[in-house]
file work00.txt (compact mmCIF, C-alpha atoms)
# COMPACT_ATOMS: atom_id res chain seq x y z
CA MET X 1 -111.83 -17.90 135.23
CA ASN X 2 -113.04 -21.44 135.21
CA ILE X 3 -112.93 -24.69 133.34
CA TYR X 4 -115.59 -26.62 131.45
CA ILE X 5 -115.26 -30.28 130.66
CA ASP X 6 -117.51 -32.08 128.20
CA LYS X 7 -117.16 -35.85 127.76
CA HIS X 8 -118.77 -38.21 125.31
CA GLN X 9 -118.15 -41.80 124.41
CA ASN X 10 -118.23 -43.07 120.85
CA ASP X 11 -117.67 -46.64 119.67
CA ARG X 12 -113.91 -46.60 120.09
CA GLU X 13 -112.91 -43.86 122.45
CA ILE X 14 -113.86 -41.22 124.95
CA VAL X 15 -113.66 -37.72 123.54
CA VAL X 16 -113.16 -34.91 126.03
CA LEU X 17 -113.55 -31.23 125.21
CA VAL X 18 -111.86 -28.90 127.69
CA LYS X 19 -112.60 -25.18 127.73
CA GLY X 20 -110.97 -22.44 129.75
CA GLU X 21 -107.75 -21.99 131.68
CA ILE X 22 -105.87 -24.92 133.18
CA ASP X 23 -103.82 -23.75 136.16
CA ALA X 24 -103.24 -24.60 139.83
CA PHE X 25 -106.86 -23.77 140.59
CA THR X 26 -108.59 -25.72 137.82
CA ALA X 27 -106.12 -28.60 137.33
CA PRO X 28 -107.44 -30.59 140.32
CA LYS X 29 -110.96 -30.46 138.83
CA LEU X 30 -109.66 -31.62 135.47
CA ARG X 31 -107.74 -34.47 137.11
CA GLU X 32 -110.83 -35.51 139.05
CA GLU X 33 -112.84 -35.70 135.82
CA LEU X 34 -110.24 -37.36 133.63
CA LEU X 35 -108.50 -39.99 135.76
CA PRO X 36 -111.60 -42.14 136.39
CA LEU X 37 -112.01 -42.43 132.60
CA ALA X 38 -108.63 -44.16 132.36
CA GLN X 39 -109.46 -47.20 134.48
CA GLY X 40 -110.63 -49.53 131.70
CA LYS X 41 -108.40 -51.90 129.74
CA ASN X 42 -107.29 -50.65 126.28
CA GLN X 43 -109.06 -47.34 126.79
CA LEU X 44 -108.49 -44.62 124.21
CA ILE X 45 -109.02 -41.02 125.23
CA THR X 46 -108.89 -38.02 122.93
CA VAL X 47 -108.74 -34.60 124.53
CA ASN X 48 -109.59 -31.60 122.37
CA LEU X 49 -107.71 -28.55 123.62
CA LYS X 50 -108.82 -25.99 121.05
CA ASP X 51 -110.68 -23.93 123.65
CA VAL X 52 -107.93 -24.03 126.25
CA SER X 53 -106.72 -20.46 126.51
CA TYR X 54 -104.07 -21.07 129.16
CA LEU X 55 -102.01 -24.05 130.27
CA ASP X 56 -99.02 -24.37 132.60
CA SER X 57 -97.10 -27.13 134.39
CA THR X 58 -100.07 -28.01 136.58
CA GLY X 59 -102.07 -28.84 133.44
CA LEU X 60 -99.15 -30.67 131.86
CA GLY X 61 -98.99 -32.72 135.07
CA VAL X 62 -102.63 -33.76 134.67
CA PHE X 63 -102.03 -34.98 131.11
CA VAL X 64 -98.84 -36.78 132.10
CA GLY X 65 -100.73 -38.52 134.91
CA LEU X 66 -103.56 -39.46 132.58
CA PHE X 67 -101.13 -40.67 129.94
CA LYS X 68 -99.28 -42.88 132.43
CA GLN X 69 -102.47 -44.41 133.78
CA LEU X 70 -103.80 -45.15 130.28
CA LYS X 71 -100.50 -46.71 129.23
CA ASN X 72 -100.48 -48.87 132.34
CA ASN X 73 -103.80 -50.31 131.18
CA ASP X 74 -102.65 -50.70 127.56
CA GLY X 75 -104.66 -47.68 126.50
CA ASP X 76 -103.59 -44.46 124.86
CA LEU X 77 -104.04 -40.70 124.97
CA ARG X 78 -104.34 -38.29 122.08
CA LEU X 79 -104.31 -34.51 122.47
CA ILE X 80 -105.78 -32.67 119.49
CA GLU X 81 -106.25 -29.17 118.11
CA LEU X 82 -103.52 -27.56 120.17
CA SER X 83 -102.93 -23.88 119.56
CA ASP X 84 -99.41 -22.76 118.67
CA ARG X 85 -98.97 -21.66 122.27
CA LEU X 86 -99.91 -25.02 123.72
CA LYS X 87 -97.88 -26.90 121.13
CA ARG X 88 -94.83 -24.84 122.05
CA LEU X 89 -95.32 -25.71 125.72
CA PHE X 90 -95.38 -29.43 124.94
CA GLU X 91 -92.31 -29.00 122.76
CA ILE X 92 -90.10 -27.11 125.19
CA THR X 93 -90.92 -29.57 127.98
CA GLY X 94 -90.12 -32.52 125.69
CA LEU X 95 -93.59 -33.99 126.13
CA SER X 96 -94.34 -33.76 122.41
CA ASN X 97 -91.74 -36.51 121.87
CA ILE X 98 -93.50 -38.80 124.32
CA MET X 99 -97.18 -38.10 123.87
CA ASN X 100 -99.45 -38.13 120.84
CA ILE X 101 -100.01 -34.46 119.96
CA CYS X 102 -102.03 -33.26 116.96
CA VAL X 103 -101.99 -29.62 115.96
CA ASN X 104 -104.97 -27.73 114.70
CA SER X 105 -104.78 -27.91 110.88
CA GLU X 106 -105.52 -24.19 110.62
CA GLY X 107 -102.22 -23.55 112.38
CA GLY X 108 -103.65 -22.70 115.78
CA GLY X 109 -102.97 -19.20 117.04
CA ARG X 110 -105.16 -17.56 119.57
CA MET K 1 -81.68 2.74 132.50
CA ASN K 2 -81.66 0.41 135.49
CA GLU K 3 -83.70 2.62 137.80
CA VAL K 4 -87.13 1.25 138.56
CA MET K 5 -89.75 3.67 137.25
CA ASP K 6 -92.88 2.28 138.83
CA TYR K 7 -93.54 -0.48 141.29
CA ILE K 8 -96.86 -2.29 141.62
CA GLU K 9 -97.51 -4.72 144.43
CA MET K 10 -100.35 -7.14 145.06
CA LYS K 11 -100.97 -9.38 148.01
CA ILE K 12 -103.12 -12.48 147.59
CA PRO K 13 -104.14 -15.26 149.96
CA ALA K 14 -101.85 -18.28 149.46
CA LYS K 15 -104.54 -20.15 147.54
CA PRO K 16 -104.57 -21.35 143.93
CA ASP K 17 -107.87 -19.51 143.44
CA TYR K 18 -106.11 -16.17 142.89
CA VAL K 19 -103.27 -17.12 140.54
CA GLY K 20 -105.53 -16.25 137.60
CA VAL K 21 -106.08 -12.78 139.01
CA ILE K 22 -102.33 -12.22 139.05
CA ARG K 23 -102.17 -13.28 135.39
CA LEU K 24 -104.82 -10.70 134.49
CA THR K 25 -102.83 -7.98 136.23
CA LEU K 26 -99.66 -9.00 134.45
CA SER K 27 -101.47 -8.85 131.11
CA GLY K 28 -102.51 -5.30 131.85
CA VAL K 29 -99.10 -4.12 133.01
CA ALA K 30 -97.14 -5.87 130.24
CA SER K 31 -99.39 -4.80 127.39
CA ARG K 32 -99.21 -1.21 128.59
CA MET K 33 -95.42 -1.55 128.43
CA GLY K 34 -95.66 -2.73 124.82
CA TYR K 35 -94.72 -6.39 125.10
CA THR K 36 -95.86 -8.68 122.30
CA TYR K 37 -98.60 -11.25 122.69
CA GLU K 38 -96.06 -14.09 122.76
CA GLU K 39 -93.93 -12.38 125.39
CA ILE K 40 -96.94 -11.71 127.58
CA GLU K 41 -98.10 -15.32 127.31
CA ASP K 42 -94.60 -16.51 128.27
CA MET K 43 -94.54 -14.20 131.27
CA LYS K 44 -98.01 -15.34 132.32
CA ILE K 45 -96.77 -18.93 132.51
CA ALA K 46 -93.58 -18.00 134.39
CA LEU K 47 -95.41 -15.83 136.89
CA SER K 48 -98.12 -18.44 137.43
CA GLU K 49 -95.49 -21.11 138.03
CA ALA K 50 -93.81 -18.94 140.66
CA CYS K 51 -97.16 -18.19 142.32
CA THR K 52 -98.13 -21.86 142.23
CA ASN K 53 -94.83 -22.75 143.92
CA ALA K 54 -95.42 -20.09 146.56
CA VAL K 55 -98.98 -21.28 147.20
CA GLN K 56 -97.89 -24.89 147.46
CA HIS K 57 -94.96 -23.92 149.68
CA ALA K 58 -97.34 -22.14 152.02
CA TYR K 59 -99.69 -25.12 151.98
CA GLN K 60 -96.92 -27.61 152.77
CA MET K 61 -95.81 -25.48 155.69
CA ASP K 62 -99.47 -25.44 156.74
CA GLU K 63 -99.21 -21.75 157.46
CA GLY K 64 -101.79 -20.33 155.07
CA GLY K 65 -100.62 -16.77 154.77
CA GLU K 66 -100.20 -14.59 151.75
CA VAL K 67 -98.19 -14.33 148.59
CA ILE K 68 -96.78 -10.98 147.54
CA VAL K 69 -96.39 -10.29 143.86
CA GLY K 70 -94.47 -7.24 142.71
CA PHE K 71 -94.01 -5.72 139.28
CA GLY K 72 -90.97 -3.50 138.82
CA VAL K 73 -91.49 -1.47 135.67
CA TYR K 74 -88.26 -0.33 134.00
CA PRO K 75 -87.79 1.48 130.69
CA ASN K 76 -86.30 -1.65 129.10
CA LYS K 77 -87.64 -4.53 131.16
CA LEU K 78 -90.25 -5.86 133.54
CA GLU K 79 -89.12 -7.46 136.77
CA MET K 80 -91.59 -9.67 138.60
CA VAL K 81 -91.13 -10.67 142.21
CA VAL K 82 -92.99 -13.45 144.01
CA ALA K 83 -92.49 -13.79 147.77
CA ASP K 84 -94.20 -16.39 149.91
CA SER K 85 -93.11 -15.14 153.33
CA GLY K 86 -96.54 -13.68 153.93
CA LYS K 87 -94.93 -10.57 155.36
CA SER K 88 -94.67 -7.40 153.35
CA PHE K 89 -91.16 -6.70 152.21
CA ASP K 90 -89.04 -3.84 151.01
CA PHE K 91 -88.58 -4.30 147.29
CA ILE K 92 -85.38 -2.29 147.01
CA GLN K 93 -83.83 -3.81 150.12
CA THR K 94 -84.68 -7.38 149.11
CA LYS K 95 -83.29 -6.71 145.68
CA ASN K 96 -80.06 -5.28 147.06
CA GLU K 97 -79.59 -8.30 149.29
CA LEU K 98 -79.09 -10.29 146.12
CA GLY K 99 -75.99 -8.19 145.54
CA PRO K 100 -73.81 -9.14 142.61
CA TYR K 101 -75.44 -12.07 140.95
CA THR K 102 -73.35 -14.99 142.05
CA GLU K 103 -74.54 -18.46 141.19
CA SER K 104 -74.61 -19.59 144.82
CA SER K 105 -78.34 -19.11 145.17
CA THR K 106 -79.96 -21.05 142.41
CA VAL K 107 -83.38 -22.24 141.54
CA GLU K 108 -82.52 -25.73 142.83
CA GLN K 109 -83.66 -24.59 146.22
CA LEU K 110 -87.17 -24.69 144.86
CA SER K 111 -86.80 -28.11 143.33
CA GLU K 112 -90.27 -29.30 144.34
CA GLY K 113 -91.54 -27.22 141.42
CA GLY K 114 -89.92 -29.51 138.87
CA LEU K 115 -91.33 -28.68 135.47
CA GLY K 116 -92.60 -25.36 136.76
CA LEU K 117 -89.14 -24.05 137.51
CA PHE K 118 -87.82 -25.38 134.27
CA LEU K 119 -90.48 -23.31 132.52
CA ILE K 120 -89.66 -20.18 134.52
CA GLU K 121 -86.01 -20.45 133.54
CA THR K 122 -86.83 -21.20 129.93
CA LEU K 123 -89.38 -18.45 129.43
CA MET K 124 -87.71 -15.59 131.32
CA ASP K 125 -84.45 -13.80 130.55
CA GLU K 126 -83.14 -13.75 134.13
CA VAL K 127 -84.24 -15.70 137.20
CA ARG K 128 -82.90 -15.38 140.73
CA VAL K 129 -84.03 -16.94 143.95
CA LEU K 130 -83.56 -15.61 147.46
CA ASN K 131 -84.21 -18.02 150.29
CA HIS K 132 -84.75 -16.45 153.68
CA SER K 133 -87.67 -17.10 155.99
CA GLY K 134 -89.66 -17.53 152.81
CA VAL K 135 -88.73 -17.88 149.18
CA THR K 136 -88.50 -14.87 146.88
CA VAL K 137 -88.25 -15.35 143.14
CA PHE K 138 -87.11 -12.54 140.83
CA MET K 139 -87.87 -12.86 137.13
CA VAL K 140 -86.87 -10.42 134.41
CA LYS K 141 -88.13 -10.11 130.86
CA TYR K 142 -86.50 -7.58 128.54
CA ARG K 143 -88.44 -5.70 125.92
CA SER K 144 -87.85 -7.20 122.47
CA GLY K 145 -85.80 -4.26 121.22
CA GLU K 146 -83.61 -4.38 124.33
CA ARG K 147 -82.67 -8.01 124.12
CA ASP K 148 -79.43 -7.25 122.25
CA ASN K 149 -78.17 -5.49 125.37
CA HIS K 150 -79.17 -8.38 127.58
CA ASP K 151 -75.78 -10.05 127.92
CA THR K 152 -73.85 -6.85 128.58
CA THR K 153 -76.38 -5.86 131.22
CA ILE K 154 -75.69 -9.05 133.13
CA ALA K 155 -71.93 -8.68 132.72
CA ASN K 156 -72.03 -5.12 134.08
CA ARG K 157 -73.89 -6.25 137.13
CA GLU K 158 -71.59 -9.12 137.86
CA THR K 159 -68.55 -6.88 137.94
CA ASN K 160 -70.19 -4.40 140.30

call {"tool": "encode", "arguments": {"input": "work00.txt", "output": "structure tokens"}}
result
Amino acid sequence: MNIYIDKHQNDREIVVLVKGEIDAFTAPKLREELLPLAQGKNQLITVNLKDVSYLDSTGLGVFVGLFKQLKNNDGDLRLIELSDRLKRLFEITGLSNIMNICVNSEGGGR
Amino acid sequence: MNEVMDYIEMKIPAKPDYVGVIRLTLSGVASRMGYTYEEIEDMKIALSEACTNAVQHAYQMDEGGEVIVGFGVYPNKLEMVVADSGKSFDFIQTKNELGPYTESSTVEQLSEGGLGLFLIETLMDEVRVLNHSGVTVFMVKYRSGERDNHDTTIANRETN
């Protein structure tokens, strides 16, 4: 069980691909990788979650922290390709009303 | 119907490193019992949240120690227990100490969990917290076919 984080910058935004399970063990690593990216003014970050097989409140906390920091610097966060499971988690916690969430067009699933 | 059939217990160091191992065990136990994929994923989150709380509790107290995770397998439900006292405990005795399920001991006592506890309560059918020297969380998930009996089960217990 581990986490893999792949970052690349294009002309407008930083795109981050996260793979693996985000829990109490891996969330600190994810936070360490993501928060420094949110320092710049007007920074846009897109996080692709299609290969995230598990997420709980520790992971939600990382994205909330990232979202707040980006907003403070007039930037924004986009989470894309969420599976049905992940989408449900953002919905029941109310975060889907606050954050920019895009579902996988294939309908997600496992 | 309410007699525990099998009881499985694991003891892990109070470190976040092992929460994933607990999830794997739960997957095995719950799929053997016939839970659906969605139910198992819900239980994995709830159990992880409880373990994370226990690990963080142990860390804040700076006592290291261990977290005990128990799985009570019933014909119609799975009961998961997470205890952060570090000491081994008697499942039946601890369960009986809860007695009739009054609302006096609520999840608020674990409020540092925040979203985590909200998720536990949302994803599980029953949640109870016992606060002694450590914190013990009991979480129950009924099998899909048994959910219709869920309310009466609670009512019966409360009148006992």

call {"tool": "atom_distance", "arguments": {"input": "work00.txt", "atom1": "CA of Ile5 (chain X)", "atom2": "CA of Val64 (chain X)"}}
result
17.7 Å

call {"tool": "residues_around", "arguments": {"input": "work00.txt", "residues": "Lys19 (chain X)", "least_positions_apart": "4", "cutoff": "6 Å", "atoms": "all atoms listed in the file", "output": "ChimeraX atom specification"}}
result
/X:3-4,51-52

call {"tool": "residues_around", "arguments": {"input": "work00.txt", "residues": "Lys29 (chain X)", "least_positions_apart": "3", "cutoff": "10 Å", "atoms": "all atoms listed in the file", "output": "JSON, numbers by chain"}}
result
{"X": [2, 3, 4, 5, 22, 24, 25, 26, 32, 33, 34, 62]}

call {"tool": "interface_residues", "arguments": {"input": "work00.txt", "of": "chain X", "to": "chain K", "cutoff": "8 Å", "atoms": "only C-alpha atoms", "output": "VMD selection string"}}
result
chain X and resid 1 23 to 25 55 to 58 93

call {"tool": "residues_around", "arguments": {"input": "work00.txt", "residues": "Phe71 (chain K)", "least_positions_apart": "4", "cutoff": "8 Å", "atoms": "all atoms listed in the file", "output": "count of residues only"}}
result
7

call {"tool": "closest_residue", "arguments": {"input": "work00.txt", "among": "X:Glu21, X:Asp6, X:Asp74, X:Asp84", "to": "Gln39 (chain X)", "atoms": "only C-alpha atoms"}}
result
X:Asp74

call {"tool": "residues_near_point", "arguments": {"input": "work00.txt", "point": "(-85.2, -12.1, 141.8)", "cutoff": "7 Å", "atoms": "only C-alpha atoms", "output": "PyMOL selection string"}}
result
chain K and resi 81+95+127-130+136-139

call {"tool": "atom_distance", "arguments": {"input": "work00.txt", "atom1": "CA of Leu47 (chain K)", "atom2": "CA of Ser133 (chain K)"}}
result
20.6 Å

call {"tool": "atom_distance", "arguments": {"input": "work00.txt", "atom1": "CA of Thr46 (chain X)", "atom2": "CA of Lys7 (chain X)"}}
result
9.8 Å
